[in-house]
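Inspection log for the structure reproduced underneath, given as structure tokens.
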Amino acid sequence: MADSASLQKDLSRVSLGDRVAFQRVYRATSAHLFGVAVRILNRRDLAEDALQEAFVNVWHNAGSYQAASSQPMTWLIAIVRNKALDHLRAQQRHTADSIDETDDDGTTIEIADDRPNPMQLLVQATEGLRIRGCMEKLDPSHRQSLALAYYHGLSHSEVAEQLRAPLGSVKAWVRRGLERLKKCLEAAG
Amino acid sequence: MNYDRPELLDKLASEYVLGTLRGRARRRFEQLMRTRPAALSAVHAWEDRLGRLAAAVAPIKPPDRVWAAIDARIGAPPKVAQAKSSWLDWLKPVAGFAFGTFLTVGLVLNRPGTFVTVDEVAQSKQALPQSYVGLLLNDAGEPTLLASSTRQGKKLTVKFLRAVDPGGKVLQLWALPKEGAPFPVGVVTPAKPASSTTLELRDTSEKLFFNVPRLAVSLEDAPAAAGAQPSGPFVLSGHCVKLW
């Protein structure tokens, strides 16, 4: 990952229409951002589209990046995740329209998912970070719900399906998980 | 829903960033982000908190076609044509300026009694003094500031072509060198369009701008100290050229 200071400088140049700086931003960040998009979409072709749209967006909106309010990588990740989530939803609407996801006998078709386990990612992500202590303090159900939603872009009802839990409980787990995470991070300073 | 309650905004922001805020609720919240700074700053805080989780995702190099597609979509002409058109693009305002000046000089020569303040050396040579000139455009691409300084001079004249509202901040002028970080040039005092202000340079134009192809203006809380970097986006920017 590129260092924040040079990314910040390049983004301010991109806002002036500097293509060379834009290419530097792409080179420094695209692999990481593509990884994030692939993880959410679980399809390379859609992830490529999401990445492309995200960077076109960056080109046009680099001027709106506020160095004071967020790290450049945080800003870029947010853009890519939003594009990936848009694609995921469009894809789900499309799938829901075109095929019935249950077999004739009513059992749900299992769709192969070869992505790494989100819980494993969570452990890796928090390695050596303050956020780790905070994630560990969460109830396992809260932690799992957050990981599935964040890494795989799952909705409340999809998380409920995965964890075989009632929708109402999952909504509460997500909400409490987020609240406690925030409190813990704030307490940690 | 009462969006003035900070805890509600924070809850919506957290689920927006996590991705569990869906459908119409998501669109409504995006609308809210555009109109309420509190909603946007709550989102930024959550992006900062949850963004750390993305650090674990293994990088995957995207295929080259992705960059090619991006490059095409941002309107990149083929490499050779690009160099040519960008040269012409930045030459246009300068050519216009030079032509205007040429007309003025022409008038001065033909009607010497009408103008008394024009540099006589320039008149006699029918050429502009060696100068650095910057034409800065606003976001809409409209010429807004004209900055000029003679090559060995230590004063920069800034002419406002259009009103600029700094909204309580200062208009900080930056030089963007070919290599390296932007450096502060000085603070531009807002003035009514068509009038000029002057700012003192810390060295001659030649020393400061020799390697500077672009100038830009950002809004700052206070004048930037040497070594400082712009805190926000540039509100004006444009090419800086040598007029000789």
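Naming scheme: A, B, ... for chains in displayed order of the structure tokens; residues 1 onward per chain; ligands 1 onward as shown.
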Open item on the list: as a PyMOL selection string, could you give me every residue of chain B near chain A (at most 8 Å apart, counting only C-alpha atoms)?
Closed with: chain B and resi 11+14-15+17-22+41+44+47-49+51-62+66-67+69-70+73-74+181+231-234+237
How about saving the chosen residues, C-alpha atoms kept, as a PDB file, in the first residue's frame?
```pdb
ATOM      1  CA  LYS B  11     -26.749   4.609  13.615  1.00  0.00           C
ATOM      2  CA  SER B  14     -22.788   3.025  10.699  1.00  0.00           C
ATOM      3  CA  GLU B  15     -25.136   0.733   8.769  1.00  0.00           C
ATOM      4  CA  VAL B  17     -20.824   2.179   5.802  1.00  0.00           C
ATOM      5  CA  LEU B  18     -21.185  -1.455   6.873  1.00  0.00           C
ATOM      6  CA  GLY B  19     -23.489  -1.927   3.877  1.00  0.00           C
ATOM      7  CA  THR B  20     -26.552  -3.214   5.707  1.00  0.00           C
ATOM      8  CA  LEU B  21     -28.567  -0.047   5.026  1.00  0.00           C
ATOM      9  CA  ARG B  22     -30.313  -1.008   1.797  1.00  0.00           C
ATOM     10  CA  SER B  41     -19.038  13.570   9.047  1.00  0.00           C
ATOM     11  CA  HIS B  44     -16.449   9.657   7.514  1.00  0.00           C
ATOM     12  CA  GLU B  47     -15.386   4.772   7.216  1.00  0.00           C
ATOM     13  CA  ASP B  48     -12.360   5.439   9.344  1.00  0.00           C
ATOM     14  CA  ARG B  49     -13.391   2.868  11.971  1.00  0.00           C
ATOM     15  CA  GLY B  51     -11.844   0.840   6.926  1.00  0.00           C
ATOM     16  CA  ARG B  52      -9.233  -0.839   9.111  1.00  0.00           C
ATOM     17  CA  LEU B  53     -11.002  -4.147   8.543  1.00  0.00           C
ATOM     18  CA  ALA B  54     -10.254  -3.927   4.809  1.00  0.00           C
ATOM     19  CA  ALA B  55      -6.523  -4.039   5.482  1.00  0.00           C
ATOM     20  CA  ALA B  56      -6.614  -7.852   5.721  1.00  0.00           C
ATOM     21  CA  VAL B  57      -8.033  -8.452   2.270  1.00  0.00           C
ATOM     22  CA  ALA B  58      -5.352  -9.982   0.053  1.00  0.00           C
ATOM     23  CA  PRO B  59      -4.472  -7.730  -2.884  1.00  0.00           C
ATOM     24  CA  ILE B  60      -5.267  -9.066  -6.353  1.00  0.00           C
ATOM     25  CA  LYS B  61      -3.681  -7.403  -9.349  1.00  0.00           C
ATOM     26  CA  PRO B  62      -6.450  -6.334 -11.715  1.00  0.00           C
ATOM     27  CA  VAL B  66      -9.218  -2.293 -16.376  1.00  0.00           C
ATOM     28  CA  TRP B  67      -6.740   0.579 -16.565  1.00  0.00           C
ATOM     29  CA  ALA B  69     -10.964   1.097 -19.850  1.00  0.00           C
ATOM     30  CA  ILE B  70     -10.560   3.758 -17.146  1.00  0.00           C
ATOM     31  CA  ARG B  73     -13.464   6.675 -20.041  1.00  0.00           C
ATOM     32  CA  ILE B  74     -11.735   9.736 -18.645  1.00  0.00           C
ATOM     33  CA  ALA B 181       5.199  19.061  -3.595  1.00  0.00           C
ATOM     34  CA  SER B 231      -5.500  21.403   3.428  1.00  0.00           C
ATOM     35  CA  GLY B 232      -8.321  21.003   0.932  1.00  0.00           C
ATOM     36  CA  PRO B 233      -9.148  20.894  -2.766  1.00  0.00           C
ATOM     37  CA  PHE B 234      -8.035  23.643  -5.121  1.00  0.00           C
ATOM     38  CA  SER B 237      -6.061  26.264 -10.969  1.00  0.00           C
TER      39      SER B 237
END
```
TODO: Using only C-alpha atoms, determine which residues lie at most 8 Å from His239 of chain B, disregarding the query and same-chain residues fewer than 5 positions distant; provide the list as a ChimeraX atom specification.
DONE: /B:90,134-136,213-215
Write a file of the selected residues as a PDB file, in the first residue's frame, keeping C-alpha atoms.
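Contents of the output file selection10.pdb:
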```pdb
ATOM      1  CA  TRP B  90      -2.684  25.672 -22.518  1.00  0.00           C
ATOM      2  CA  GLY B 134      -0.645  32.274 -14.917  1.00  0.00           C
ATOM      3  CA  LEU B 135      -4.299  32.064 -15.872  1.00  0.00           C
ATOM      4  CA  LEU B 136      -6.358  30.301 -13.217  1.00  0.00           C
ATOM      5  CA  PRO B 213       4.009  24.607 -14.923  1.00  0.00           C
ATOM      6  CA  ARG B 214       0.892  25.186 -12.817  1.00  0.00           C
ATOM      7  CA  LEU B 215      -0.545  27.507 -10.193  1.00  0.00           C
TER       8      LEU B 215
END
```
Task: atom CA of Val170 of chain B to atom CA of Ser148 of chain B, straight-line distance in Å - done: 19.8 Å
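Note that the spacing between atom CA of Lys159 of chain B and atom CA of Gly141 of chain B amounts to 16.8 Å.
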Open item on the list: For segment 205-211 of chain B, find every residue with an atom within 7 Å (counting only C-alpha atoms), except residues of its own chain fewer than 3 positions away, and show them as a ChimeraX atom specification.
Closed with: /B:149-154,177-178
TODO: Just list the residues in segment 110-203 of chain B DSSP gives strand (DSSP E or B) on the backbone, as a PyMOL selection string.
DONE: chain B and resi 131-137+143-150+155-160+170-176+183-188+196-200
Task: Gap from atom CA of Gly168 of chain A to atom CA of Leu12 of chain B - Å, one decimal - done: 16.9 Å
Task: Best match for closeness to Ala175 of chain B among B:Val217, B:Lys155, B:Arg36, B:Ala25, counting only C-alpha atoms - done: B:Val217
Task: Minimum-distance residue to Asp10 of chain B, chosen among B:Leu199, B:Val43, B:Arg34, B:Ala147 (using only C-alpha atoms) - done: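 That would be B:Val43, the residue with the smallest distance to Asp10 of chain B.
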- [ ] Identify which of the residues B:Arg65, B:Lys192, B:Arg5, B:Lys242 lies closest to Arg162 of chain B, counting only C-alpha atoms when measuring atom-to-atom distances.
- [x]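 Among the listed residues, B:Lys192 lies closest to Arg162 of chain B.
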Task: Residues within 8 Å of Ala160 of chain A, only C-alpha atoms, excluding chain neighbours under 6 positions, as a ChimeraX atom specification - done: /A:166-167,170
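Shortest atom-to-atom contact with Thr204 of chain B among B:Leu243, B:Leu8, B:Ala216, B:Leu156: B:Leu156, counting only C-alpha atoms.
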